[in-house]
$ cat work-v7.pdb   # PDB, C-alpha atoms
ATOM      1  CA  HIS A  38     -14.213  -3.851  14.897  1.00  0.00           C
ATOM      2  CA  GLU A  39     -15.285  -2.231  18.104  1.00  0.00           C
ATOM      3  CA  LEU A  40     -18.930  -1.441  18.713  1.00  0.00           C
ATOM      4  CA  ALA A  41     -20.186   1.437  20.845  1.00  0.00           C
ATOM      5  CA  GLU A  42     -22.298  -0.994  22.863  1.00  0.00           C
ATOM      6  CA  ASP A  43     -22.925  -4.737  23.183  1.00  0.00           C
ATOM      7  CA  PRO A  44     -25.119  -5.798  20.250  1.00  0.00           C
ATOM      8  CA  GLY A  45     -26.868  -8.476  22.301  1.00  0.00           C
ATOM      9  CA  VAL A  46     -26.295 -11.319  19.852  1.00  0.00           C
ATOM     10  CA  GLU A  47     -25.309 -14.878  20.638  1.00  0.00           C
ATOM     11  CA  VAL A  48     -23.247 -17.437  18.730  1.00  0.00           C
ATOM     12  CA  GLY A  49     -25.475 -18.821  15.974  1.00  0.00           C
ATOM     13  CA  ASP A  50     -27.705 -15.713  15.725  1.00  0.00           C
ATOM     14  CA  ARG A  51     -28.259 -14.364  12.247  1.00  0.00           C
ATOM     15  CA  VAL A  52     -27.201 -10.740  11.734  1.00  0.00           C
ATOM     16  CA  ALA A  53     -27.092  -8.359   8.769  1.00  0.00           C
ATOM     17  CA  GLY A  54     -24.065  -6.192   8.107  1.00  0.00           C
ATOM     18  CA  VAL A  55     -23.696  -3.229   5.803  1.00  0.00           C
ATOM     19  CA  VAL A  56     -20.458  -2.141   4.170  1.00  0.00           C
ATOM     20  CA  ASP A  57     -19.805   1.596   4.381  1.00  0.00           C
ATOM     21  CA  ASP A  58     -19.288   2.117   0.627  1.00  0.00           C
ATOM     22  CA  ASP A  59     -17.797   5.604   1.015  1.00  0.00           C
ATOM     23  CA  PHE A  60     -15.172   4.480   3.526  1.00  0.00           C
ATOM     24  CA  ARG A  61     -14.400   1.288   1.592  1.00  0.00           C
ATOM     25  CA  THR A  62     -13.796   3.310  -1.584  1.00  0.00           C
ATOM     26  CA  TYR A  63     -11.588   5.720   0.347  1.00  0.00           C
ATOM     27  CA  ALA A  64      -9.674   2.788   1.891  1.00  0.00           C
ATOM     28  CA  MET A  65      -9.164   1.220  -1.564  1.00  0.00           C
ATOM     29  CA  ARG A  66      -7.804   4.500  -2.930  1.00  0.00           C
ATOM     30  CA  ALA A  67      -5.615   5.117   0.126  1.00  0.00           C
ATOM     31  CA  HIS A  68      -4.250   1.566   0.259  1.00  0.00           C
ATOM     32  CA  THR A  69      -3.392   1.548  -3.439  1.00  0.00           C
ATOM     33  CA  ALA A  70      -1.693   4.937  -2.965  1.00  0.00           C
ATOM     34  CA  SER A  71       0.500   3.357  -0.275  1.00  0.00           C
ATOM     35  CA  HIS A  72       1.662   0.792  -2.853  1.00  0.00           C
ATOM     36  CA  VAL A  73       2.407   3.584  -5.323  1.00  0.00           C
ATOM     37  CA  LEU A  74       4.321   5.536  -2.663  1.00  0.00           C
ATOM     38  CA  TYR A  75       6.378   2.453  -1.835  1.00  0.00           C
ATOM     39  CA  GLY A  76       7.118   2.037  -5.562  1.00  0.00           C
ATOM     40  CA  ALA A  77       8.255   5.673  -5.704  1.00  0.00           C
ATOM     41  CA  GLY A  78      10.406   5.024  -2.652  1.00  0.00           C
ATOM     42  CA  ARG A  79      12.159   2.184  -4.477  1.00  0.00           C
ATOM     43  CA  LEU A  80      13.216   4.717  -7.127  1.00  0.00           C
ATOM     44  CA  VAL A  81      14.704   7.356  -4.819  1.00  0.00           C
ATOM     45  CA  LEU A  82      15.612   5.734  -1.478  1.00  0.00           C
ATOM     46  CA  ASP A  83      18.564   3.492  -0.669  1.00  0.00           C
ATOM     47  CA  ASP A  84      18.203   0.049   0.934  1.00  0.00           C
ATOM     48  CA  LEU A  85      14.445   0.410   1.194  1.00  0.00           C
ATOM     49  CA  GLY A  86      12.507  -1.748   3.624  1.00  0.00           C
ATOM     50  CA  TYR A  87       8.900  -1.700   4.723  1.00  0.00           C
ATOM     51  CA  ALA A  88       8.111  -0.934   8.351  1.00  0.00           C
ATOM     52  CA  GLY A  89       4.312  -0.635   8.263  1.00  0.00           C
ATOM     53  CA  PHE A  90       1.382   1.527   7.269  1.00  0.00           C
ATOM     54  CA  ASP A  91      -1.984   2.729   8.531  1.00  0.00           C
ATOM     55  CA  ILE A  92      -5.109   4.140   6.930  1.00  0.00           C
ATOM     56  CA  GLY A  93      -6.828   6.746   9.066  1.00  0.00           C
ATOM     57  CA  SER A  94      -9.983   8.697   8.320  1.00  0.00           C
ATOM     58  CA  GLU A  95      -8.045  11.827   7.306  1.00  0.00           C
ATOM     59  CA  LYS A  96      -4.586  10.608   6.320  1.00  0.00           C
ATOM     60  CA  VAL A  97      -2.475   7.581   5.487  1.00  0.00           C
ATOM     61  CA  ARG A  98       1.005   6.738   6.707  1.00  0.00           C
ATOM     62  CA  VAL A  99       3.748   4.599   5.234  1.00  0.00           C
ATOM     63  CA  ASP A 100       6.806   3.768   7.329  1.00  0.00           C
ATOM     64  CA  PHE A 101      10.000   3.284   5.330  1.00  0.00           C
ATOM     65  CA  GLU A 102      13.132   1.577   6.604  1.00  0.00           C
ATOM     66  CA  THR A 103      15.955   3.378   4.841  1.00  0.00           C
ATOM     67  CA  SER A 104      19.319   4.972   5.475  1.00  0.00           C
ATOM     68  CA  THR A 105      18.391   7.793   3.081  1.00  0.00           C
ATOM     69  CA  GLU A 106      17.574  11.080   4.755  1.00  0.00           C
ATOM     70  CA  ILE A 107      14.129  12.049   3.516  1.00  0.00           C
ATOM     71  CA  ASP A 108      14.520  15.814   3.350  1.00  0.00           C
ATOM     72  CA  ASP A 109      12.098  18.326   1.789  1.00  0.00           C
ATOM     73  CA  ALA A 110      13.462  17.772  -1.726  1.00  0.00           C
ATOM     74  CA  THR A 111      13.139  13.981  -1.408  1.00  0.00           C
ATOM     75  CA  LEU A 112       9.620  14.327  -0.028  1.00  0.00           C
ATOM     76  CA  ALA A 113       8.662  16.573  -2.967  1.00  0.00           C
ATOM     77  CA  GLU A 114      10.141  14.033  -5.401  1.00  0.00           C
ATOM     78  CA  LEU A 115       8.165  11.197  -3.793  1.00  0.00           C
ATOM     79  CA  GLU A 116       4.948  13.230  -4.138  1.00  0.00           C
ATOM     80  CA  ARG A 117       5.764  14.066  -7.772  1.00  0.00           C
ATOM     81  CA  LEU A 118       6.441  10.428  -8.647  1.00  0.00           C
ATOM     82  CA  VAL A 119       3.269   9.196  -6.936  1.00  0.00           C
ATOM     83  CA  ASN A 120       1.099  11.732  -8.733  1.00  0.00           C
ATOM     84  CA  ARG A 121       2.843  10.898 -12.016  1.00  0.00           C
ATOM     85  CA  ALA A 122       1.985   7.211 -11.533  1.00  0.00           C
ATOM     86  CA  VAL A 123      -1.626   8.190 -10.783  1.00  0.00           C
ATOM     87  CA  TRP A 124      -1.735  10.395 -13.869  1.00  0.00           C
ATOM     88  CA  ASP A 125      -0.217   7.600 -15.997  1.00  0.00           C
ATOM     89  CA  SER A 126      -3.227   5.352 -15.248  1.00  0.00           C
ATOM     90  CA  ARG A 127      -1.292   2.231 -14.324  1.00  0.00           C
ATOM     91  CA  GLY A 128      -3.314  -0.950 -14.079  1.00  0.00           C
ATOM     92  CA  VAL A 129      -3.604  -2.656 -10.691  1.00  0.00           C
ATOM     93  CA  THR A 130      -4.018  -6.434 -10.801  1.00  0.00           C
ATOM     94  CA  TRP A 131      -3.856  -9.328  -8.368  1.00  0.00           C
ATOM     95  CA  GLU A 132      -3.405 -13.057  -8.585  1.00  0.00           C
ATOM     96  CA  GLU A 133      -3.223 -16.025  -6.226  1.00  0.00           C
ATOM     97  CA  VAL A 134       0.243 -17.573  -6.230  1.00  0.00           C
ATOM     98  CA  PRO A 135       1.683 -20.476  -4.220  1.00  0.00           C
ATOM     99  CA  VAL A 136       3.572 -18.953  -1.259  1.00  0.00           C
ATOM    100  CA  GLU A 137       6.856 -20.680  -2.094  1.00  0.00           C
ATOM    101  CA  GLU A 138       6.678 -19.564  -5.731  1.00  0.00           C
ATOM    102  CA  ALA A 139       5.984 -15.982  -4.653  1.00  0.00           C
ATOM    103  CA  ARG A 140       8.941 -16.007  -2.251  1.00  0.00           C
ATOM    104  CA  GLU A 141      11.220 -17.223  -5.054  1.00  0.00           C
ATOM    105  CA  ARG A 142      10.200 -14.434  -7.457  1.00  0.00           C
ATOM    106  CA  ASP A 143      12.456 -11.386  -7.489  1.00  0.00           C
ATOM    107  CA  GLY A 144      10.883  -8.085  -6.559  1.00  0.00           C
ATOM    108  CA  ILE A 145       7.835  -9.222  -4.567  1.00  0.00           C
ATOM    109  CA  ALA A 146       7.628  -7.331  -1.296  1.00  0.00           C
ATOM    110  CA  PHE A 147       6.615  -9.385   1.724  1.00  0.00           C
ATOM    111  CA  ASN A 148       5.758  -7.196   4.685  1.00  0.00           C
ATOM    112  CA  THR A 149       6.973  -9.708   7.222  1.00  0.00           C
ATOM    113  CA  LYS A 150       7.148  -7.273  10.152  1.00  0.00           C
ATOM    114  CA  THR A 151       3.494  -6.331   9.973  1.00  0.00           C
ATOM    115  CA  GLU A 152       2.221  -9.728   8.865  1.00  0.00           C
ATOM    116  CA  GLU A 153       4.269 -12.103  11.005  1.00  0.00           C
ATOM    117  CA  GLY A 154       2.514 -15.457  11.190  1.00  0.00           C
ATOM    118  CA  VAL A 155      -0.320 -14.333   8.903  1.00  0.00           C
ATOM    119  CA  MET A 156       0.550 -16.832   6.166  1.00  0.00           C
ATOM    120  CA  ALA A 157       1.910 -19.536   8.460  1.00  0.00           C
ATOM    121  CA  ASP A 158      -0.626 -22.144   7.362  1.00  0.00           C
ATOM    122  CA  ASP A 159      -1.477 -20.814   3.904  1.00  0.00           C
ATOM    123  CA  GLU A 160      -0.401 -22.418   0.678  1.00  0.00           C
ATOM    124  CA  MET A 161      -1.396 -19.458  -1.505  1.00  0.00           C
ATOM    125  CA  VAL A 162      -0.744 -15.726  -1.287  1.00  0.00           C
ATOM    126  CA  ARG A 163      -2.395 -12.840  -3.098  1.00  0.00           C
ATOM    127  CA  VAL A 164       0.162 -10.870  -5.128  1.00  0.00           C
ATOM    128  CA  VAL A 165      -0.830  -7.328  -6.108  1.00  0.00           C
ATOM    129  CA  THR A 166       0.905  -5.618  -9.020  1.00  0.00           C
ATOM    130  CA  VAL A 167       0.812  -1.938  -9.889  1.00  0.00           C
ATOM    131  CA  GLY A 168       1.742  -2.352 -13.510  1.00  0.00           C
ATOM    132  CA  PRO A 169       3.659  -0.451 -16.133  1.00  0.00           C
ATOM    133  CA  VAL A 170       1.819   2.179 -18.129  1.00  0.00           C
ATOM    134  CA  ASP A 171       3.315   1.382 -21.530  1.00  0.00           C
ATOM    135  CA  SER A 172       6.300   0.019 -23.410  1.00  0.00           C
ATOM    136  CA  GLU A 173       8.479   2.918 -22.187  1.00  0.00           C
ATOM    137  CA  ASP A 174       8.618   1.098 -18.844  1.00  0.00           C
ATOM    138  CA  ASP A 175       9.988  -2.043 -20.526  1.00  0.00           C
ATOM    139  CA  GLY A 176       7.266  -4.029 -18.798  1.00  0.00           C
ATOM    140  CA  VAL A 177       8.657  -3.306 -15.321  1.00  0.00           C
ATOM    141  CA  ALA A 178       5.991  -3.114 -12.634  1.00  0.00           C
ATOM    142  CA  TRP A 179       5.807  -0.061 -10.379  1.00  0.00           C
ATOM    143  CA  ASP A 180       5.190  -2.197  -7.276  1.00  0.00           C
ATOM    144  CA  VAL A 181       4.614  -5.892  -6.592  1.00  0.00           C
ATOM    145  CA  ALA A 182       3.647  -7.084  -3.110  1.00  0.00           C
ATOM    146  CA  ALA A 183       2.034  -9.930  -1.243  1.00  0.00           C
ATOM    147  CA  CYS A 184      -1.081  -8.185   0.021  1.00  0.00           C
ATOM    148  CA  GLY A 185      -4.594  -9.036   1.110  1.00  0.00           C
ATOM    149  CA  GLY A 186      -5.901  -5.444   1.174  1.00  0.00           C
ATOM    150  CA  THR A 187      -8.475  -3.771  -1.044  1.00  0.00           C
ATOM    151  CA  HIS A 188      -7.273  -1.970  -4.167  1.00  0.00           C
ATOM    152  CA  VAL A 189      -8.612   0.078  -7.058  1.00  0.00           C
ATOM    153  CA  SER A 190      -8.155  -1.416 -10.534  1.00  0.00           C
ATOM    154  CA  ASN A 191      -6.298   1.580 -11.983  1.00  0.00           C
ATOM    155  CA  THR A 192      -4.081   4.204 -10.350  1.00  0.00           C
ATOM    156  CA  ASN A 193      -6.170   7.005 -11.856  1.00  0.00           C
ATOM    157  CA  GLU A 194      -8.898   6.018  -9.366  1.00  0.00           C
ATOM    158  CA  VAL A 195      -6.573   7.062  -6.505  1.00  0.00           C
ATOM    159  CA  GLY A 196      -6.838  10.732  -7.478  1.00  0.00           C
ATOM    160  CA  PRO A 197      -4.348  13.403  -6.423  1.00  0.00           C
ATOM    161  CA  VAL A 198      -2.003  12.562  -3.559  1.00  0.00           C
ATOM    162  CA  GLU A 199      -0.667  15.225  -1.196  1.00  0.00           C
ATOM    163  CA  VAL A 200       2.249  14.526   1.106  1.00  0.00           C
ATOM    164  CA  LEU A 201       1.442  16.072   4.496  1.00  0.00           C
ATOM    165  CA  ASP A 202       4.337  15.348   6.819  1.00  0.00           C
ATOM    166  CA  ARG A 203       7.269  13.164   7.722  1.00  0.00           C
ATOM    167  CA  SER A 204       8.645  12.071  11.060  1.00  0.00           C
ATOM    168  CA  ASN A 205      11.079   9.570  12.534  1.00  0.00           C
ATOM    169  CA  PRO A 206       9.265   7.154  14.886  1.00  0.00           C
ATOM    170  CA  GLY A 207      12.391   5.023  15.375  1.00  0.00           C
ATOM    171  CA  GLU A 208      15.970   4.597  14.298  1.00  0.00           C
ATOM    172  CA  GLY A 209      16.234   3.974  10.566  1.00  0.00           C
ATOM    173  CA  VAL A 210      12.487   4.505  10.038  1.00  0.00           C
ATOM    174  CA  THR A 211      10.897   7.481   8.312  1.00  0.00           C
ATOM    175  CA  ARG A 212       7.135   7.916   8.462  1.00  0.00           C
ATOM    176  CA  VAL A 213       5.536   9.655   5.484  1.00  0.00           C
ATOM    177  CA  GLU A 214       1.944  10.857   5.907  1.00  0.00           C
ATOM    178  CA  PHE A 215      -0.229  11.739   2.946  1.00  0.00           C
ATOM    179  CA  ALA A 216      -3.825  12.377   1.911  1.00  0.00           C
ATOM    180  CA  VAL A 217      -5.825  11.131  -1.059  1.00  0.00           C
TER     181      VAL A 217
END
$ encode --input "work-v7.pdb" --output "structure tokens"
Amino acid sequence: HELAEDPGVEVGDRVAGVVDDDFRTYAMRAHTASHVLYGAGRLVLDDLGYAGFDIGSEKVRVDFETSTEIDDATLAELERLVNRAVWDSRGVTWEEVPVEEARERDGIAFNTKTEEGVMADDEMVRVVTVGPVDSEDDGVAWDVAACGGTHVSNTNEVGPVEVLDRSNPGEGVTRVEFAV
């Protein structure tokens, strides 16, 4: 965090902090939406990889590594799938799992590019699952990822998602920006 001015505190001083509840709730909704968007991407994009994300005050971005051209029709399909997952009220859960066990499980996304060295000394990792809505999904999760971010407990808490734009910040990377 960056402060507007030096707070004038020294090591060992006692301070009180306040969480901005409105922004934290927004960040939880936005971050969970990024998981849902990535899950939608797994359904419609080839050779999908994760290249990063960011939560801004007005919009969120997810960077996909894919050889699929994300044209207007693909973008509309991603938005439709995300909003369908929100509407379906999928549960969002998390558990602590030994790192090696998590790496051996199929389907767990590790965002190694953005988290290089983050788990270097850790024995456990937090695995977040955006779950299936019902038996029609055959128990298949929408998204499963090693993640230490904040999340809502159900996709219906995300609310409507609107895709705003796409761009190509680098070769093989498509940036999708959206609002919650």
$ closest_residue --input "work-v7.pdb" --among "A:Phe147, A:Tyr87, A:Trp179, A:Tyr75" --to "Ala122 in chain A" --atoms "all atoms listed in the file"
A:Trp179
$ resolve_selection --input "work-v7.pdb" --expression "the PyMOL selection byres ((chain A and resi 103) around 6)" --output "PyMOL selection string"
chain A and resi 84-85+101-102+104-105+209
$ resolve_selection --input "work-v7.pdb" --expression "the PyMOL selection byres ((chain A and resi 181) around 10)" --output "list in words"
His72, Val73, Tyr75, Gly76, Val129, Thr130, Trp131, Asp143, Gly144, Ile145, Ala146, Phe147, Val164, Val165, Thr166, Val167, Gly168, Val177, Ala178, Trp179, Asp180, Ala182, Ala183 and Cys184 of chain A
$ closest_residue --input "work-v7.pdb" --among "A:Asp83, A:Asp108, A:Asp59, A:Pro197" --to "Asp125 in chain A" --atoms "all atoms listed in the file"
A:Pro197
$ resolve_selection --input "work-v7.pdb" --expression "the PyMOL selection byres ((chain A and resi 109) around 12)" --output "VMD selection string"
chain A and resid 106 to 108 110 to 116 200 to 204 213
$ atom_distance --input "work-v7.pdb" --atom1 "CA of Val210 in chain A" --atom2 "CA of Glu95 in chain A"
22.0 Å
$ atom_distance --input "work-v7.pdb" --atom1 "CA of Gly89 in chain A" --atom2 "CA of Asp159 in chain A"
21.4 Å
$ atom_distance --input "work-v7.pdb" --atom1 "CA of Val123 in chain A" --atom2 "CA of Leu74 in chain A"
10.4 Å
$ closest_residue --input "work-v7.pdb" --among "A:Glu194, A:Glu138, A:Asp100, A:Glu39" --to "Arg66 in chain A" --atoms "only C-alpha atoms"
A:Glu194
$ closest_residue --input "work-v7.pdb" --among "A:Met161, A:Gly185, A:Val119, A:Glu42" --to "Pro135 in chain A" --atoms "all atoms listed in the file"
A:Met161
$ closest_residue --input "work-v7.pdb" --among "A:Val97, A:Val198, A:Val134, A:Ala88" --to "Thr211 in chain A" --atoms "only C-alpha atoms"
A:Ala88
$ decode --input "work-v7.pdb" --residues "range 134-146 of chain A" --atoms "N, CA, C and O atoms" --output "short mmCIF file (atom, residue, chain, number, x, y, z; two decimals), in the first residue's frame"
data_model
loop_
_atom_site.label_atom_id
_atom_site.label_comp_id
_atom_site.auth_asym_id
_atom_site.auth_seq_id
_atom_site.Cartn_x
_atom_site.Cartn_y
_atom_site.Cartn_z
N VAL A 134 -4.25 -27.52 0.97
CA VAL A 134 -3.79 -28.79 0.44
C VAL A 134 -2.26 -28.77 0.41
O VAL A 134 -1.67 -27.73 0.08
N PRO A 135 -1.60 -29.87 0.74
CA PRO A 135 -0.14 -29.90 0.58
C PRO A 135 0.23 -29.55 -0.87
O PRO A 135 -0.41 -30.03 -1.82
N VAL A 136 1.25 -28.72 -1.05
CA VAL A 136 1.64 -28.23 -2.37
C VAL A 136 1.87 -29.39 -3.35
O VAL A 136 1.36 -29.37 -4.48
N GLU A 137 2.62 -30.39 -2.92
CA GLU A 137 2.91 -31.51 -3.83
C GLU A 137 1.65 -32.25 -4.25
O GLU A 137 1.50 -32.65 -5.41
N GLU A 138 0.72 -32.43 -3.30
CA GLU A 138 -0.55 -33.10 -3.63
C GLU A 138 -1.34 -32.26 -4.64
O GLU A 138 -1.90 -32.78 -5.60
N ALA A 139 -1.37 -30.96 -4.42
CA ALA A 139 -2.09 -30.07 -5.34
C ALA A 139 -1.50 -30.12 -6.74
O ALA A 139 -2.22 -30.14 -7.74
N ARG A 140 -0.18 -30.15 -6.83
CA ARG A 140 0.48 -30.19 -8.14
C ARG A 140 0.22 -31.51 -8.87
O ARG A 140 0.25 -31.56 -10.10
N GLU A 141 -0.03 -32.57 -8.11
CA GLU A 141 -0.29 -33.88 -8.72
C GLU A 141 -1.74 -34.03 -9.19
O GLU A 141 -2.02 -34.87 -10.03
N ARG A 142 -2.65 -33.22 -8.65
CA ARG A 142 -4.06 -33.31 -9.05
C ARG A 142 -4.24 -32.73 -10.45
O ARG A 142 -3.69 -31.68 -10.77
N ASP A 143 -5.03 -33.41 -11.26
CA ASP A 143 -5.35 -32.89 -12.59
C ASP A 143 -6.31 -31.71 -12.45
O ASP A 143 -7.20 -31.71 -11.61
N GLY A 144 -6.11 -30.73 -13.30
CA GLY A 144 -7.07 -29.64 -13.41
C GLY A 144 -6.88 -28.46 -12.47
O GLY A 144 -7.65 -27.51 -12.53
N ILE A 145 -5.89 -28.48 -11.59
CA ILE A 145 -5.67 -27.33 -10.71
C ILE A 145 -4.75 -26.35 -11.42
O ILE A 145 -3.64 -26.71 -11.82
N ALA A 146 -5.22 -25.14 -11.60
CA ALA A 146 -4.42 -24.11 -12.26
C ALA A 146 -3.45 -23.51 -11.26
O ALA A 146 -3.84 -23.09 -10.17
#
